[in-house]
2 protein chains.
Amino acid sequence: MHVTPRQKEILDYLGRHIEKKGYAPTIEEIGEHFGLSSLATVHKHLTNLQEKGLIKREWNRSRALELVPSQVKVKAVELPLMGRVAAGTPIEAVQSTETIFVPEDMLGRRETYVLQVKGDSMIEEQIRDGDYVIVEDRKQARDGEMVIALLDRENVTLKKYFRESGGRVRLQPANSRMKPIYVEQGDLRIQGVVIGVLRKY
Amino acid sequence: MHVTPRQKEILDYLGRHIEKKGYAPTIEEIGEHFGLSSLATVHKHLTNLQEKGLIKREWNRSRALELVPSQVKVKAVELPLMGRVAAGTPIEAVQSTETIFVPEDMLGRRETYVLQVKGDSMIEEQIRDGDYVIVEDRKQARDGEMVIALLDRENVTLKKYFRESGGRVRLQPANSRMKPIYVEQGDLRIQGVVIGVLRKY
DNA sequence: TGACTTTCGCCTAATCTTCGCCTACCCTTC
DNA sequence: GAAGGGTAGGCGAAGATTAGGCGAAAGTCA
């Protein structure tokens with residue numbers, strides 16, 4: 001992407017202005033800052049910058065101009081930390097205001113949120129106490145997937161999901177010291193499926 | 001999203017008012033605050049803000065107005081995937097062009113990069129084959145930290161770092177079937193320290 | 001009914017687009 | 001090395017649209 005020196009100056013100015021004031025400058029203000037007396041000049045510069053994909057503009061709108069984030073930095077999304085979930089026992093459905101940043105390419109196709117794992121019940125799946133699991137909001141799961149399961153409308157746990165014969169479901173902890181839970185399909189509501197793990201040291 | 005100076009003033013005022021009082025101002029209160037005598041003016045401003053997606057309103061409800069949280073999409077950084085590292089044996093210092101997105105708040109203070117883990121040598125630290133470890137480029141490590149270690153200028157491995165008496169260092173795999181390696185401090189070069197783990201299902 | 005919100009019409013000021021015309025470089029070609 | 005051709009960078013002014021305002025009247029909600 002070749003920008004000319006002049007174009008880079010303008011780009012930098014736009015960035016600083018937006019950063020400081022919270023809104024973009026007018027074409028006249030830009031011209032004034034660079035000592036240009038003709039609006040047409042500034043307008044042409046902006047058009048060039050737009051064609052190079054460095055800024056976006058809305059047609060004929062006042063100050064409707066924003067910088068296109070350079071490609072290197074890509075978006076991550078701030079997901080709500082919905083609570084802590086243990087595998088053995090219930091949950092702390094903490095309605096916290098905490099959030100976790102997750103890279104955009106780790107998101108699922110639907111609503112996605114984050115839970116912090118409590119306890120070592122999934123230790124054999126290499127998920128340890130304190131890890132964050134990224135959960136996709138889904139009501140259906142396939143065999144072997146890790147699910148956030150709601151039992152008897154009260155207990156929420158993190159388990160691996162397996163269908164058994166006779167319409168029953170086995171919820172399997174990944175810890176050989178813990179026993180699986182068997183439930184009727186009707187008594188189980190799947191809240192979501194784990195699609196990623198994130199750990200900070 | 002592009003706001004004009006006036007719109008930003010109003011937006012800021014709304015934020016402060018809601019923050020302080022706990023509820024939004026009426027249209028008349030807004031007008032009064034800005035010295036506007038016509039409700040229509042304020043109403044038009046609110047409509048504009050709404051069209052720009054900065055506030056939400058319920059139709060014809062008193063004080064039914066709230067700020068749309070500015071999409072706090074925060075940056076994630078695209079880090080180079082420098083290669084794959086096994087714990088037991090050497091490395092594949094692949095000079096690949098792959099990259100991984102990592103949330104900005106998981107970065108270290110220095111240069112940071114990503115390695116994909118090969119093998120189960122760190123399984124007891126809940127790092128499994130295929131996981132990505134986020135590595136901060138550092139030459140020093142503290143006891144117990146996981147390091148990328150370069151031995152005899154050739155073999156790179158992922159191990160836990162412990163200083164022993166006599167100027168020696170113990171590099172400990174997290175797998176009871178593997179033995180630790182003991183090296184002289186001079187023969188060891190630390191390439192980086194693991195500061196995070198990322199897994200995708 | 002009282003407290004607010006919406007709408008309608010009408011203005012002015014602030015801003016954005018376009019058009020025509022120029023000069024100075026930079027790259028390519030003869 | 002000189003001559004084109006193309007593009008960046010500029011100037012002014014005319015024409016158009018949006019932003020920002022005013023009052024009054026009508027419509028809603030609790």
# chains A, B, ... in the order shown; residues from 1 in each chain; ligands from 1
$ interface_residues --of "chain D" --to "chain B" --cutoff "9 Å" --atoms "only C-alpha atoms (C1' of nucleotides)" --output "count of residues only"
7
$ atom_distance --atom1 "atom CA of Leu188 of chain B" --atom2 "atom CA of Asp131 of chain B"
24.8 Å
$ interface_residues --of "chain C" --to "chain A" --cutoff "8 Å" --atoms "only C-alpha atoms (C1' of nucleotides)" --output "PyMOL selection string"
chain C and resi 15-17
$ atom_distance --atom1 "atom CA of Ile18 of chain A" --atom2 "atom CA of Thr47 of chain B"
22.9 Å
$ residues_around --residues "Ile123 of chain B" --least-positions-apart "5" --cutoff "9 Å" --atoms "only C-alpha atoms (C1' of nucleotides)" --output "ChimeraX atom specification"
/A:124,126 /B:128-129,173-175
$ decode --residues "segment 120-153 of chain B" --atoms "C-alpha atoms" --output "PDB file, in the first residue's frame"
ATOM      1  CA  ASP B 120       2.220 -35.069  25.513  1.00  0.00           C
ATOM      2  CA  SER B 121       5.272 -34.160  27.491  1.00  0.00           C
ATOM      3  CA  MET B 122       3.511 -31.376  29.365  1.00  0.00           C
ATOM      4  CA  ILE B 123       0.320 -33.329  29.837  1.00  0.00           C
ATOM      5  CA  GLU B 124       0.397 -33.045  33.607  1.00  0.00           C
ATOM      6  CA  GLU B 125       0.402 -29.306  33.274  1.00  0.00           C
ATOM      7  CA  GLN B 126      -2.718 -29.678  31.179  1.00  0.00           C
ATOM      8  CA  ILE B 127      -1.024 -28.822  27.940  1.00  0.00           C
ATOM      9  CA  ARG B 128      -1.875 -31.293  25.265  1.00  0.00           C
ATOM     10  CA  ASP B 129      -0.761 -32.170  21.805  1.00  0.00           C
ATOM     11  CA  GLY B 130      -1.832 -29.435  19.389  1.00  0.00           C
ATOM     12  CA  ASP B 131      -2.323 -26.685  21.954  1.00  0.00           C
ATOM     13  CA  TYR B 132      -0.849 -23.276  21.266  1.00  0.00           C
ATOM     14  CA  VAL B 133       1.433 -21.790  23.875  1.00  0.00           C
ATOM     15  CA  ILE B 134       1.962 -18.063  24.030  1.00  0.00           C
ATOM     16  CA  VAL B 135       5.611 -17.335  24.653  1.00  0.00           C
ATOM     17  CA  GLU B 136       7.179 -14.145  25.894  1.00  0.00           C
ATOM     18  CA  ASP B 137      10.672 -13.567  24.634  1.00  0.00           C
ATOM     19  CA  ARG B 138      12.735 -13.527  27.797  1.00  0.00           C
ATOM     20  CA  LYS B 139      16.206 -14.762  28.665  1.00  0.00           C
ATOM     21  CA  GLN B 140      15.634 -15.252  32.372  1.00  0.00           C
ATOM     22  CA  ALA B 141      13.131 -17.466  34.112  1.00  0.00           C
ATOM     23  CA  ARG B 142      12.014 -18.064  37.636  1.00  0.00           C
ATOM     24  CA  ASP B 143      11.728 -21.445  39.256  1.00  0.00           C
ATOM     25  CA  GLY B 144       8.673 -23.330  38.158  1.00  0.00           C
ATOM     26  CA  GLU B 145       8.031 -21.346  35.007  1.00  0.00           C
ATOM     27  CA  MET B 146       7.635 -23.147  31.742  1.00  0.00           C
ATOM     28  CA  VAL B 147      10.386 -22.251  29.332  1.00  0.00           C
ATOM     29  CA  ILE B 148      11.416 -22.763  25.755  1.00  0.00           C
ATOM     30  CA  ALA B 149      14.958 -23.943  26.241  1.00  0.00           C
ATOM     31  CA  LEU B 150      17.748 -24.202  23.724  1.00  0.00           C
ATOM     32  CA  LEU B 151      20.325 -26.903  24.544  1.00  0.00           C
ATOM     33  CA  ASP B 152      23.710 -27.311  22.838  1.00  0.00           C
ATOM     34  CA  ARG B 153      22.611 -24.786  20.223  1.00  0.00           C
TER      35      ARG B 153
END
